[in-house]
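Participant: Sending over run02.pdb (PDB, C-alpha atoms).
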ATOM      1  CA  MET A   1     -21.469   5.256   2.737  1.00  0.00           C
ATOM      2  CA  THR A   2     -18.916   2.501   3.358  1.00  0.00           C
ATOM      3  CA  SER A   3     -19.620   0.806   6.709  1.00  0.00           C
ATOM      4  CA  THR A   4     -16.470  -1.349   6.643  1.00  0.00           C
ATOM      5  CA  VAL A   5     -12.961  -0.434   5.559  1.00  0.00           C
ATOM      6  CA  ASP A   6      -9.512  -2.002   5.680  1.00  0.00           C
ATOM      7  CA  LEU A   7      -6.577  -0.156   7.221  1.00  0.00           C
ATOM      8  CA  ASN A   8      -3.304  -1.095   5.539  1.00  0.00           C
ATOM      9  CA  CYS A   9       0.291  -0.242   6.305  1.00  0.00           C
ATOM     10  CA  ASP A  10       3.586  -0.687   4.437  1.00  0.00           C
ATOM     11  CA  LEU A  11       5.913  -2.571   6.787  1.00  0.00           C
ATOM     12  CA  GLY A  12       8.993  -4.795   6.867  1.00  0.00           C
ATOM     13  CA  GLU A  13      11.073  -1.894   5.563  1.00  0.00           C
ATOM     14  CA  SER A  14      14.009  -2.353   7.906  1.00  0.00           C
ATOM     15  CA  PHE A  15      17.237  -3.867   6.596  1.00  0.00           C
ATOM     16  CA  GLY A  16      19.625  -5.985   8.629  1.00  0.00           C
ATOM     17  CA  PRO A  17      20.311  -4.179  11.932  1.00  0.00           C
ATOM     18  CA  TRP A  18      18.864  -0.892  10.619  1.00  0.00           C
ATOM     19  CA  GLU A  19      15.268  -0.310  11.698  1.00  0.00           C
ATOM     20  CA  MET A  20      12.547   1.633   9.900  1.00  0.00           C
ATOM     21  CA  GLY A  21       9.351   2.408  11.781  1.00  0.00           C
ATOM     22  CA  ASN A  22       7.607   0.565  14.603  1.00  0.00           C
ATOM     23  CA  ASP A  23       6.206  -2.516  12.889  1.00  0.00           C
ATOM     24  CA  ALA A  24       5.015  -4.227  16.070  1.00  0.00           C
ATOM     25  CA  ALA A  25       2.908  -1.236  17.088  1.00  0.00           C
ATOM     26  CA  MET A  26       1.501  -0.721  13.585  1.00  0.00           C
ATOM     27  CA  ILE A  27       0.458  -4.369  13.287  1.00  0.00           C
ATOM     28  CA  GLU A  28      -1.645  -3.880  16.419  1.00  0.00           C
ATOM     29  CA  LEU A  29      -3.616  -1.184  14.575  1.00  0.00           C
ATOM     30  CA  ALA A  30      -3.682  -2.315  10.936  1.00  0.00           C
ATOM     31  CA  THR A  31      -5.899  -5.011   9.417  1.00  0.00           C
ATOM     32  CA  SER A  32      -3.577  -5.707   6.470  1.00  0.00           C
ATOM     33  CA  VAL A  33       0.115  -5.112   5.894  1.00  0.00           C
ATOM     34  CA  ASN A  34       2.217  -4.826   2.757  1.00  0.00           C
ATOM     35  CA  VAL A  35       5.651  -6.361   3.289  1.00  0.00           C
ATOM     36  CA  ALA A  36       8.778  -5.106   1.525  1.00  0.00           C
ATOM     37  CA  CYS A  37      10.319  -7.942  -0.483  1.00  0.00           C
ATOM     38  CA  GLY A  38      14.017  -7.041  -0.521  1.00  0.00           C
ATOM     39  CA  PHE A  39      14.271  -4.766  -3.563  1.00  0.00           C
ATOM     40  CA  HIS A  40      13.522  -1.358  -2.016  1.00  0.00           C
ATOM     41  CA  ALA A  41      13.832  -2.473   1.612  1.00  0.00           C
ATOM     42  CA  GLY A  42      13.642  -5.548   3.796  1.00  0.00           C
ATOM     43  CA  ASP A  43      15.452  -8.863   3.725  1.00  0.00           C
ATOM     44  CA  ALA A  44      14.563 -12.501   4.362  1.00  0.00           C
ATOM     45  CA  ASP A  45      14.834 -12.209   8.145  1.00  0.00           C
ATOM     46  CA  ILE A  46      12.817  -8.984   8.298  1.00  0.00           C
ATOM     47  CA  MET A  47      10.179 -10.500   6.021  1.00  0.00           C
ATOM     48  CA  ARG A  48       9.873 -13.600   8.227  1.00  0.00           C
ATOM     49  CA  ARG A  49       9.598 -11.539  11.403  1.00  0.00           C
ATOM     50  CA  THR A  50       6.965  -9.258   9.896  1.00  0.00           C
ATOM     51  CA  VAL A  51       4.877 -12.162   8.590  1.00  0.00           C
ATOM     52  CA  GLU A  52       5.051 -13.930  11.946  1.00  0.00           C
ATOM     53  CA  MET A  53       3.877 -10.809  13.790  1.00  0.00           C
ATOM     54  CA  ALA A  54       1.036 -10.358  11.317  1.00  0.00           C
ATOM     55  CA  LYS A  55      -0.039 -13.993  11.661  1.00  0.00           C
ATOM     56  CA  ALA A  56      -0.068 -13.734  15.455  1.00  0.00           C
ATOM     57  CA  LYS A  57      -2.456 -10.771  15.250  1.00  0.00           C
ATOM     58  CA  GLY A  58      -4.683 -12.165  12.497  1.00  0.00           C
ATOM     59  CA  VAL A  59      -3.549  -9.487  10.064  1.00  0.00           C
ATOM     60  CA  SER A  60      -3.566 -10.104   6.294  1.00  0.00           C
ATOM     61  CA  VAL A  61      -0.214 -10.059   4.511  1.00  0.00           C
ATOM     62  CA  GLY A  62       0.539  -8.764   1.035  1.00  0.00           C
ATOM     63  CA  ALA A  63       3.627  -8.375  -1.134  1.00  0.00           C
ATOM     64  CA  HIS A  64       4.957  -4.846  -1.613  1.00  0.00           C
ATOM     65  CA  PRO A  65       7.225  -5.052  -4.689  1.00  0.00           C
ATOM     66  CA  GLY A  66       9.247  -2.067  -5.832  1.00  0.00           C
ATOM     67  CA  TYR A  67      12.087  -1.128  -8.124  1.00  0.00           C
ATOM     68  CA  ARG A  68      15.500  -2.584  -7.244  1.00  0.00           C
ATOM     69  CA  ASP A  69      16.647   0.551  -5.427  1.00  0.00           C
ATOM     70  CA  LEU A  70      17.745   0.043  -1.827  1.00  0.00           C
ATOM     71  CA  HIS A  71      19.687   3.296  -1.732  1.00  0.00           C
ATOM     72  CA  GLY A  72      16.686   5.342  -2.837  1.00  0.00           C
ATOM     73  CA  PHE A  73      14.118   3.296  -0.881  1.00  0.00           C
ATOM     74  CA  GLY A  74      12.355   2.537  -4.148  1.00  0.00           C
ATOM     75  CA  ARG A  75      11.134   6.104  -4.471  1.00  0.00           C
ATOM     76  CA  ARG A  76      13.166   6.912  -7.591  1.00  0.00           C
ATOM     77  CA  PRO A  77      11.887   5.917 -11.044  1.00  0.00           C
ATOM     78  CA  VAL A  78      14.023   3.415 -12.969  1.00  0.00           C
ATOM     79  CA  PRO A  79      13.557   4.365 -16.624  1.00  0.00           C
ATOM     80  CA  GLY A  80      14.150   2.091 -19.592  1.00  0.00           C
ATOM     81  CA  LEU A  81      12.784  -1.151 -18.191  1.00  0.00           C
ATOM     82  CA  LYS A  82      10.935  -3.384 -20.627  1.00  0.00           C
ATOM     83  CA  SER A  83       7.533  -4.834 -19.807  1.00  0.00           C
ATOM     84  CA  SER A  84       9.054  -8.287 -19.326  1.00  0.00           C
ATOM     85  CA  GLU A  85      11.621  -6.900 -16.879  1.00  0.00           C
ATOM     86  CA  ILE A  86       8.905  -5.271 -14.784  1.00  0.00           C
ATOM     87  CA  GLU A  87       6.851  -8.467 -14.844  1.00  0.00           C
ATOM     88  CA  ASN A  88       9.852 -10.476 -13.698  1.00  0.00           C
ATOM     89  CA  LEU A  89      10.887  -8.149 -10.869  1.00  0.00           C
ATOM     90  CA  VAL A  90       7.308  -8.112  -9.544  1.00  0.00           C
ATOM     91  CA  ALA A  91       6.885 -11.895  -9.872  1.00  0.00           C
ATOM     92  CA  TYR A  92      10.254 -12.459  -8.177  1.00  0.00           C
ATOM     93  CA  GLN A  93       9.270 -10.387  -5.161  1.00  0.00           C
ATOM     94  CA  ILE A  94       5.816 -11.921  -4.819  1.00  0.00           C
ATOM     95  CA  GLY A  95       7.371 -15.376  -4.932  1.00  0.00           C
ATOM     96  CA  ALA A  96       9.910 -14.466  -2.270  1.00  0.00           C
ATOM     97  CA  LEU A  97       7.216 -13.387   0.161  1.00  0.00           C
ATOM     98  CA  GLN A  98       5.045 -16.397  -0.665  1.00  0.00           C
ATOM     99  CA  ALA A  99       7.931 -18.686   0.266  1.00  0.00           C
ATOM    100  CA  ILE A 100       8.573 -16.844   3.534  1.00  0.00           C
ATOM    101  CA  ALA A 101       4.858 -16.767   4.384  1.00  0.00           C
ATOM    102  CA  THR A 102       4.502 -20.491   3.700  1.00  0.00           C
ATOM    103  CA  ALA A 103       7.469 -21.211   5.963  1.00  0.00           C
ATOM    104  CA  ALA A 104       5.794 -19.126   8.681  1.00  0.00           C
ATOM    105  CA  GLY A 105       2.417 -20.825   8.225  1.00  0.00           C
ATOM    106  CA  HIS A 106       0.720 -17.735   6.801  1.00  0.00           C
ATOM    107  CA  LYS A 107      -0.593 -16.812   3.343  1.00  0.00           C
ATOM    108  CA  VAL A 108      -0.051 -13.901   0.959  1.00  0.00           C
ATOM    109  CA  THR A 109      -3.455 -12.476   0.020  1.00  0.00           C
ATOM    110  CA  HIS A 110      -2.656  -9.347  -1.984  1.00  0.00           C
ATOM    111  CA  VAL A 111      -0.087  -7.290  -3.872  1.00  0.00           C
ATOM    112  CA  LYS A 112       0.513  -3.547  -3.709  1.00  0.00           C
ATOM    113  CA  ALA A 113       3.232  -1.863  -5.757  1.00  0.00           C
ATOM    114  CA  HIS A 114       5.602   0.366  -3.811  1.00  0.00           C
ATOM    115  CA  GLY A 115       6.792   3.931  -4.267  1.00  0.00           C
ATOM    116  CA  ALA A 116       8.034   4.984  -7.682  1.00  0.00           C
ATOM    117  CA  LEU A 117       6.908   1.726  -9.294  1.00  0.00           C
ATOM    118  CA  SER A 118       3.347   2.474  -8.220  1.00  0.00           C
ATOM    119  CA  ASN A 119       3.577   6.169  -9.090  1.00  0.00           C
ATOM    120  CA  VAL A 120       4.821   5.416 -12.606  1.00  0.00           C
ATOM    121  CA  ALA A 121       2.182   2.710 -13.082  1.00  0.00           C
ATOM    122  CA  CYS A 122      -0.593   5.113 -12.085  1.00  0.00           C
ATOM    123  CA  GLU A 123       0.121   7.090 -15.255  1.00  0.00           C
ATOM    124  CA  ASP A 124       1.820   4.569 -17.559  1.00  0.00           C
ATOM    125  CA  ASP A 125      -0.203   1.772 -19.162  1.00  0.00           C
ATOM    126  CA  MET A 126       2.806  -0.437 -19.902  1.00  0.00           C
ATOM    127  CA  THR A 127       4.024  -0.445 -16.312  1.00  0.00           C
ATOM    128  CA  ALA A 128       0.528  -0.920 -14.884  1.00  0.00           C
ATOM    129  CA  ASN A 129      -0.208  -3.816 -17.242  1.00  0.00           C
ATOM    130  CA  ALA A 130       3.143  -5.457 -16.506  1.00  0.00           C
ATOM    131  CA  ILE A 131       2.426  -5.437 -12.760  1.00  0.00           C
ATOM    132  CA  ALA A 132      -1.051  -6.867 -13.299  1.00  0.00           C
ATOM    133  CA  LYS A 133       0.254  -9.560 -15.661  1.00  0.00           C
ATOM    134  CA  ALA A 134       2.887 -10.608 -13.116  1.00  0.00           C
ATOM    135  CA  ILE A 135       0.282 -10.952 -10.375  1.00  0.00           C
ATOM    136  CA  LYS A 136      -2.017 -12.987 -12.599  1.00  0.00           C
ATOM    137  CA  ALA A 137       0.828 -15.244 -13.723  1.00  0.00           C
ATOM    138  CA  VAL A 138       1.960 -15.988 -10.170  1.00  0.00           C
ATOM    139  CA  ASP A 139      -1.482 -16.406  -8.590  1.00  0.00           C
ATOM    140  CA  PRO A 140      -4.677 -14.999 -10.153  1.00  0.00           C
ATOM    141  CA  SER A 141      -6.455 -15.240  -6.793  1.00  0.00           C
ATOM    142  CA  LEU A 142      -4.251 -12.505  -5.325  1.00  0.00           C
ATOM    143  CA  ILE A 143      -5.991  -9.181  -4.757  1.00  0.00           C
ATOM    144  CA  PHE A 144      -4.447  -6.227  -6.595  1.00  0.00           C
ATOM    145  CA  VAL A 145      -4.346  -3.139  -4.349  1.00  0.00           C
ATOM    146  CA  VAL A 146      -4.725  -0.162  -6.693  1.00  0.00           C
ATOM    147  CA  LEU A 147      -4.751   3.606  -6.338  1.00  0.00           C
ATOM    148  CA  ALA A 148      -8.380   4.518  -6.942  1.00  0.00           C
ATOM    149  CA  ASN A 149      -9.093   6.090 -10.361  1.00  0.00           C
ATOM    150  CA  SER A 150      -5.577   5.386 -11.717  1.00  0.00           C
ATOM    151  CA  LYS A 151      -4.293   3.300 -14.641  1.00  0.00           C
ATOM    152  CA  LEU A 152      -3.693   0.507 -12.146  1.00  0.00           C
ATOM    153  CA  VAL A 153      -7.462   0.038 -12.015  1.00  0.00           C
ATOM    154  CA  THR A 154      -7.683  -0.317 -15.803  1.00  0.00           C
ATOM    155  CA  ALA A 155      -4.810  -2.808 -15.772  1.00  0.00           C
ATOM    156  CA  GLY A 156      -6.452  -4.852 -13.025  1.00  0.00           C
ATOM    157  CA  GLU A 157      -9.714  -4.962 -14.959  1.00  0.00           C
ATOM    158  CA  LYS A 158      -7.896  -6.035 -18.112  1.00  0.00           C
ATOM    159  CA  ALA A 159      -6.198  -8.877 -16.231  1.00  0.00           C
ATOM    160  CA  ASN A 160      -9.488  -9.834 -14.561  1.00  0.00           C
ATOM    161  CA  LEU A 161      -7.990  -9.511 -11.083  1.00  0.00           C
ATOM    162  CA  SER A 162      -9.897  -8.847  -7.878  1.00  0.00           C
ATOM    163  CA  MET A 163      -9.002  -5.355  -6.703  1.00  0.00           C
ATOM    164  CA  ALA A 164      -9.006  -3.335  -3.510  1.00  0.00           C
ATOM    165  CA  HIS A 165      -9.232   0.392  -4.272  1.00  0.00           C
ATOM    166  CA  GLU A 166      -6.929   2.375  -2.022  1.00  0.00           C
ATOM    167  CA  VAL A 167      -6.887   5.910  -0.660  1.00  0.00           C
ATOM    168  CA  PHE A 168      -4.093   7.442   1.417  1.00  0.00           C
ATOM    169  CA  ALA A 169      -4.572   8.861   4.883  1.00  0.00           C
ATOM    170  CA  ASP A 170      -1.263  10.702   5.115  1.00  0.00           C
ATOM    171  CA  ARG A 171      -0.730  11.912   1.542  1.00  0.00           C
ATOM    172  CA  ALA A 172      -2.060  14.954  -0.309  1.00  0.00           C
ATOM    173  CA  TYR A 173      -3.815  14.616  -3.674  1.00  0.00           C
ATOM    174  CA  ASP A 174      -3.443  16.642  -6.872  1.00  0.00           C
ATOM    175  CA  ASP A 175      -6.494  17.688  -8.889  1.00  0.00           C
ATOM    176  CA  ASN A 176      -5.869  14.743 -11.248  1.00  0.00           C
ATOM    177  CA  GLY A 177      -6.519  12.270  -8.433  1.00  0.00           C
ATOM    178  CA  LEU A 178      -2.869  11.245  -8.094  1.00  0.00           C
ATOM    179  CA  LEU A 179      -0.638  11.742  -5.075  1.00  0.00           C
ATOM    180  CA  VAL A 180       1.289  14.990  -4.744  1.00  0.00           C
ATOM    181  CA  SER A 181       5.003  14.351  -5.323  1.00  0.00           C
ATOM    182  CA  ARG A 182       6.968  13.903  -2.109  1.00  0.00           C
ATOM    183  CA  SER A 183       9.345  16.566  -3.409  1.00  0.00           C
ATOM    184  CA  LYS A 184       6.631  19.210  -2.927  1.00  0.00           C
ATOM    185  CA  PRO A 185       5.777  20.902   0.395  1.00  0.00           C
ATOM    186  CA  GLY A 186       2.693  19.493   2.073  1.00  0.00           C
ATOM    187  CA  ALA A 187       2.793  16.190   0.188  1.00  0.00           C
ATOM    188  CA  VAL A 188       2.929  14.215   3.441  1.00  0.00           C
ATOM    189  CA  LEU A 189       0.459  14.989   6.232  1.00  0.00           C
ATOM    190  CA  HIS A 190       1.426  14.670   9.905  1.00  0.00           C
ATOM    191  CA  ASP A 191      -1.339  15.984  12.214  1.00  0.00           C
ATOM    192  CA  PRO A 192      -3.061  12.851  13.627  1.00  0.00           C
ATOM    193  CA  ARG A 193      -6.421  14.520  14.304  1.00  0.00           C
ATOM    194  CA  VAL A 194      -6.570  16.239  10.931  1.00  0.00           C
ATOM    195  CA  ILE A 195      -5.711  12.951   9.220  1.00  0.00           C
ATOM    196  CA  ALA A 196      -8.261  10.998  11.261  1.00  0.00           C
ATOM    197  CA  ASP A 197     -11.073  13.416  10.417  1.00  0.00           C
ATOM    198  CA  ARG A 198     -10.011  13.304   6.762  1.00  0.00           C
ATOM    199  CA  VAL A 199     -10.119   9.498   6.696  1.00  0.00           C
ATOM    200  CA  VAL A 200     -13.634   9.403   8.158  1.00  0.00           C
ATOM    201  CA  ARG A 201     -14.819  11.815   5.461  1.00  0.00           C
ATOM    202  CA  MET A 202     -13.089   9.767   2.766  1.00  0.00           C
ATOM    203  CA  VAL A 203     -14.842   6.605   3.860  1.00  0.00           C
ATOM    204  CA  GLN A 204     -18.248   8.175   4.479  1.00  0.00           C
ATOM    205  CA  ASP A 205     -18.278  10.233   1.275  1.00  0.00           C
ATOM    206  CA  GLY A 206     -16.366   7.855  -1.002  1.00  0.00           C
ATOM    207  CA  ALA A 207     -14.292  10.838  -2.064  1.00  0.00           C
ATOM    208  CA  VAL A 208     -11.022  12.671  -1.460  1.00  0.00           C
ATOM    209  CA  VAL A 209     -10.332  16.397  -1.483  1.00  0.00           C
ATOM    210  CA  SER A 210      -7.356  17.721  -3.462  1.00  0.00           C
ATOM    211  CA  VAL A 211      -4.904  20.396  -2.350  1.00  0.00           C
ATOM    212  CA  THR A 212      -7.029  22.998  -4.175  1.00  0.00           C
ATOM    213  CA  GLY A 213     -10.286  21.798  -2.623  1.00  0.00           C
ATOM    214  CA  LYS A 214     -11.529  19.741  -5.573  1.00  0.00           C
ATOM    215  CA  VAL A 215     -13.756  16.852  -4.465  1.00  0.00           C
ATOM    216  CA  MET A 216     -13.064  13.616  -6.360  1.00  0.00           C
ATOM    217  CA  LYS A 217     -15.204  10.510  -6.003  1.00  0.00           C
ATOM    218  CA  MET A 218     -13.097   7.448  -5.205  1.00  0.00           C
ATOM    219  CA  ARG A 219     -14.046   3.943  -4.215  1.00  0.00           C
ATOM    220  CA  THR A 220     -12.559   3.315  -0.779  1.00  0.00           C
ATOM    221  CA  ASP A 221     -11.869  -0.323   0.103  1.00  0.00           C
ATOM    222  CA  THR A 222      -8.662   0.270   2.034  1.00  0.00           C
ATOM    223  CA  VAL A 223      -6.886   3.224   3.629  1.00  0.00           C
ATOM    224  CA  CYS A 224      -3.086   3.373   3.771  1.00  0.00           C
ATOM    225  CA  ILE A 225      -0.960   4.807   6.557  1.00  0.00           C
ATOM    226  CA  HIS A 226       2.750   4.694   5.735  1.00  0.00           C
ATOM    227  CA  GLY A 227       4.797   2.984   8.421  1.00  0.00           C
ATOM    228  CA  ASP A 228       7.730   5.329   7.804  1.00  0.00           C
ATOM    229  CA  THR A 229       5.714   8.541   8.201  1.00  0.00           C
ATOM    230  CA  ALA A 230       6.789  10.472  11.296  1.00  0.00           C
ATOM    231  CA  GLY A 231       4.269   9.778  14.067  1.00  0.00           C
ATOM    232  CA  ALA A 232       2.745   6.839  12.167  1.00  0.00           C
ATOM    233  CA  VAL A 233       1.663   4.980  15.309  1.00  0.00           C
ATOM    234  CA  GLU A 234      -0.171   7.971  16.761  1.00  0.00           C
ATOM    235  CA  ILE A 235      -1.752   8.647  13.371  1.00  0.00           C
ATOM    236  CA  ALA A 236      -2.996   5.054  13.158  1.00  0.00           C
ATOM    237  CA  ARG A 237      -4.376   5.213  16.714  1.00  0.00           C
ATOM    238  CA  GLU A 238      -6.306   8.404  15.955  1.00  0.00           C
ATOM    239  CA  VAL A 239      -7.631   6.964  12.694  1.00  0.00           C
ATOM    240  CA  ARG A 240      -8.869   3.788  14.420  1.00  0.00           C
ATOM    241  CA  LYS A 241     -10.460   5.843  17.188  1.00  0.00           C
ATOM    242  CA  ALA A 242     -12.196   8.172  14.717  1.00  0.00           C
ATOM    243  CA  LEU A 243     -13.475   5.302  12.564  1.00  0.00           C
ATOM    244  CA  ASP A 244     -14.838   3.522  15.640  1.00  0.00           C
ATOM    245  CA  ALA A 245     -16.566   6.714  16.814  1.00  0.00           C
ATOM    246  CA  ALA A 246     -18.163   7.089  13.376  1.00  0.00           C
ATOM    247  CA  GLY A 247     -19.503   3.539  13.487  1.00  0.00           C
ATOM    248  CA  ILE A 248     -17.210   2.328  10.694  1.00  0.00           C
ATOM    249  CA  LYS A 249     -15.911  -1.214  11.150  1.00  0.00           C
ATOM    250  CA  VAL A 250     -12.227  -1.809  10.404  1.00  0.00           C
ATOM    251  CA  ALA A 251     -11.590  -5.236   8.867  1.00  0.00           C
ATOM    252  CA  PRO A 252      -9.404  -6.837   6.159  1.00  0.00           C
ATOM    253  CA  PHE A 253     -10.738  -6.569   2.627  1.00  0.00           C
ATOM    254  CA  LYS A 254     -12.134  -9.829   1.328  1.00  0.00           C
ATOM    255  CA  THR A 255      -9.810 -12.328  -0.310  1.00  0.00           C
ATOM    256  CA  ALA A 256     -12.278 -13.291  -3.021  1.00  0.00           C
ATOM    257  CA  PRO A 257     -14.151 -11.322  -5.730  1.00  0.00           C
TER     258      PRO A 257
END
What does the file become when written as structure tokens?
Facilitator:
Amino acid sequence: MTSTVDLNCDLGESFGPWEMGNDAAMIELATSVNVACGFHAGDADIMRRTVEMAKAKGVSVGAHPGYRDLHGFGRRPVPGLKSSEIENLVAYQIGALQAIATAAGHKVTHVKAHGALSNVACEDDMTANAIAKAIKAVDPSLIFVVLANSKLVTAGEKANLSMAHEVFADRAYDDNGLLVSRSKPGAVLHDPRVIADRVVRMVQDGAVVSVTGKVMKMRTDTVCIHGDTAGAVEIAREVRKALDAAGIKVAPFKTAP
């Protein structure tokens, strides 16, 4: 049984005057946040504001690089990219957040790929390795947040990176251990109490249950709640309450191996 777990959230996904989610409320509940770096969402001002809020609450900050796809929110695959192109787009985004974080007096501790970039990398060795190589090239001390049991784990091991294995509170799983496509009914979960109970079981059992009822063992270092999921704040509150009631401490994952 895991007695401590991190609760992470993807934030900073607004753009200019357009707002996505309630970042201030989510930062009160999360222990680490993954900040959009301008390719799928976010901009320099949003990044700075998000980092400053995280710093004020003692919350860890990570880069959340995605495909260059503002219109599709980074949730559409971009086929045909070479390994070097993926490495460069990931390195570029990490560097952007590092600069903003430094200016705000905070530090980037981890990297988590966003949306379609992550989904493709979970099944494609080239993409997974390119992400890992970019992280290592920029700063090998950064923690690589990886979907448990995916090709991201293999890539992180190959690059000798510290990793935080992630499970998702508000997403359904296929029998292969990957997330159900958002295009399918039931892919995103919304009932706060159901999600909270599910998270406690994930952490206690070190396993997730697929849509068909298959139990799959998964290391659980960090649990993600998407900031753009409807009712995200209430979901996060219920998850924190349920974890506390179960005697599970919520704290940032360590920044060293």
Participant: With a cut-off of 6 Å, could you pull out the residues of region 73-95 of chain A touching region 35-47 of chain A and give me the nearest pair of atoms for each, distance in Å to one decimal, using all atoms listed in the file, ordered by chain and ascending number, as a Markdown table?
Facilitator:
| residue | atom | partner | partner_atom | distance |
| --- | --- | --- | --- | --- |
| A:Phe73 | CA | A:His40 | CA | 4.8 |
| A:Gly74 | CA | A:His40 | CA | 4.6 |
| A:Gln93 | CA | A:Cys37 | CA | 5.4 |
Participant: Hey, what's within 12 Å of Arg49 (chain A) if we count only C-alpha atoms and toss same-chain stuff fewer than 3 positions away? As an mmCIF file with C-alpha atoms, in the frame of the given file, please?
Facilitator:
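Result file follows (selection.cif):
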data_model
loop_
_atom_site.group_PDB
_atom_site.id
_atom_site.type_symbol
_atom_site.label_atom_id
_atom_site.label_comp_id
_atom_site.auth_asym_id
_atom_site.auth_seq_id
_atom_site.Cartn_x
_atom_site.Cartn_y
_atom_site.Cartn_z
ATOM 1 C CA LEU A 11 5.913 -2.571 6.787
ATOM 2 C CA GLY A 12 8.993 -4.795 6.867
ATOM 3 C CA GLU A 13 11.073 -1.894 5.563
ATOM 4 C CA SER A 14 14.009 -2.353 7.906
ATOM 5 C CA PHE A 15 17.237 -3.867 6.596
ATOM 6 C CA GLY A 16 19.625 -5.985 8.629
ATOM 7 C CA ASP A 23 6.206 -2.516 12.889
ATOM 8 C CA ALA A 24 5.015 -4.227 16.070
ATOM 9 C CA ILE A 27 0.458 -4.369 13.287
ATOM 10 C CA VAL A 35 5.651 -6.361 3.289
ATOM 11 C CA ALA A 36 8.778 -5.106 1.525
ATOM 12 C CA GLY A 42 13.642 -5.548 3.796
ATOM 13 C CA ASP A 43 15.452 -8.863 3.725
ATOM 14 C CA ALA A 44 14.563 -12.501 4.362
ATOM 15 C CA ASP A 45 14.834 -12.209 8.145
ATOM 16 C CA ILE A 46 12.817 -8.984 8.298
ATOM 17 C CA GLU A 52 5.051 -13.930 11.946
ATOM 18 C CA MET A 53 3.877 -10.809 13.790
ATOM 19 C CA ALA A 54 1.036 -10.358 11.317
ATOM 20 C CA LYS A 55 -0.039 -13.993 11.661
ATOM 21 C CA ALA A 56 -0.068 -13.734 15.455
ATOM 22 C CA LEU A 97 7.216 -13.387 0.161
ATOM 23 C CA ILE A 100 8.573 -16.844 3.534
ATOM 24 C CA ALA A 101 4.858 -16.767 4.384
ATOM 25 C CA ALA A 103 7.469 -21.211 5.963
ATOM 26 C CA ALA A 104 5.794 -19.126 8.681
ATOM 27 C CA HIS A 106 0.720 -17.735 6.801
#
Participant: Expanded to explicit residues, what is the PyMOL selection byres ((chain A and resi 216) around 10) for this file, as a list in words?
Facilitator: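 Matching residues under the PyMOL selection byres ((chain A and resi 216) around 10) are Asn149, Tyr173, Asp175, Asn176, Gly177, Met202, Asp205, Gly206, Ala207, Val208, Val209, Ser210, Gly213, Lys214, Val215, Lys217, Met218 and Arg219 of chain A.
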Participant: One decimal, Å: what's the distance from CA of Asn22 (chain A) over to CA of Pro252 (chain A), could you say?
Facilitator: 20.4 Å
Participant: Kindly give the distance, in Å, that separates CA of Val153 (chain A) and CA of Gly80 (chain A), rounded to a single decimal.
Facilitator: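 Going from CA of Val153 (chain A) over to CA of Gly80 (chain A), I get 23.0 Å.
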Participant: How would you write, as an MDAnalysis selection string, the residues chosen by the PyMOL selection byres ((chain A and resi 61-68) around 7) on this structure?
Facilitator: chainID A and resid 32:37 39:40 51 54 59:60 69:70 74 78 90 93:94 97 107:115 117
Participant: With distances taken over all atoms listed in the file, which of A:Val223, A:Ala148, A:Leu178, A:Ala236 is nearest to Ala251 (chain A)?
Facilitator: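 Smallest distance to Ala251 (chain A) is found for A:Val223.
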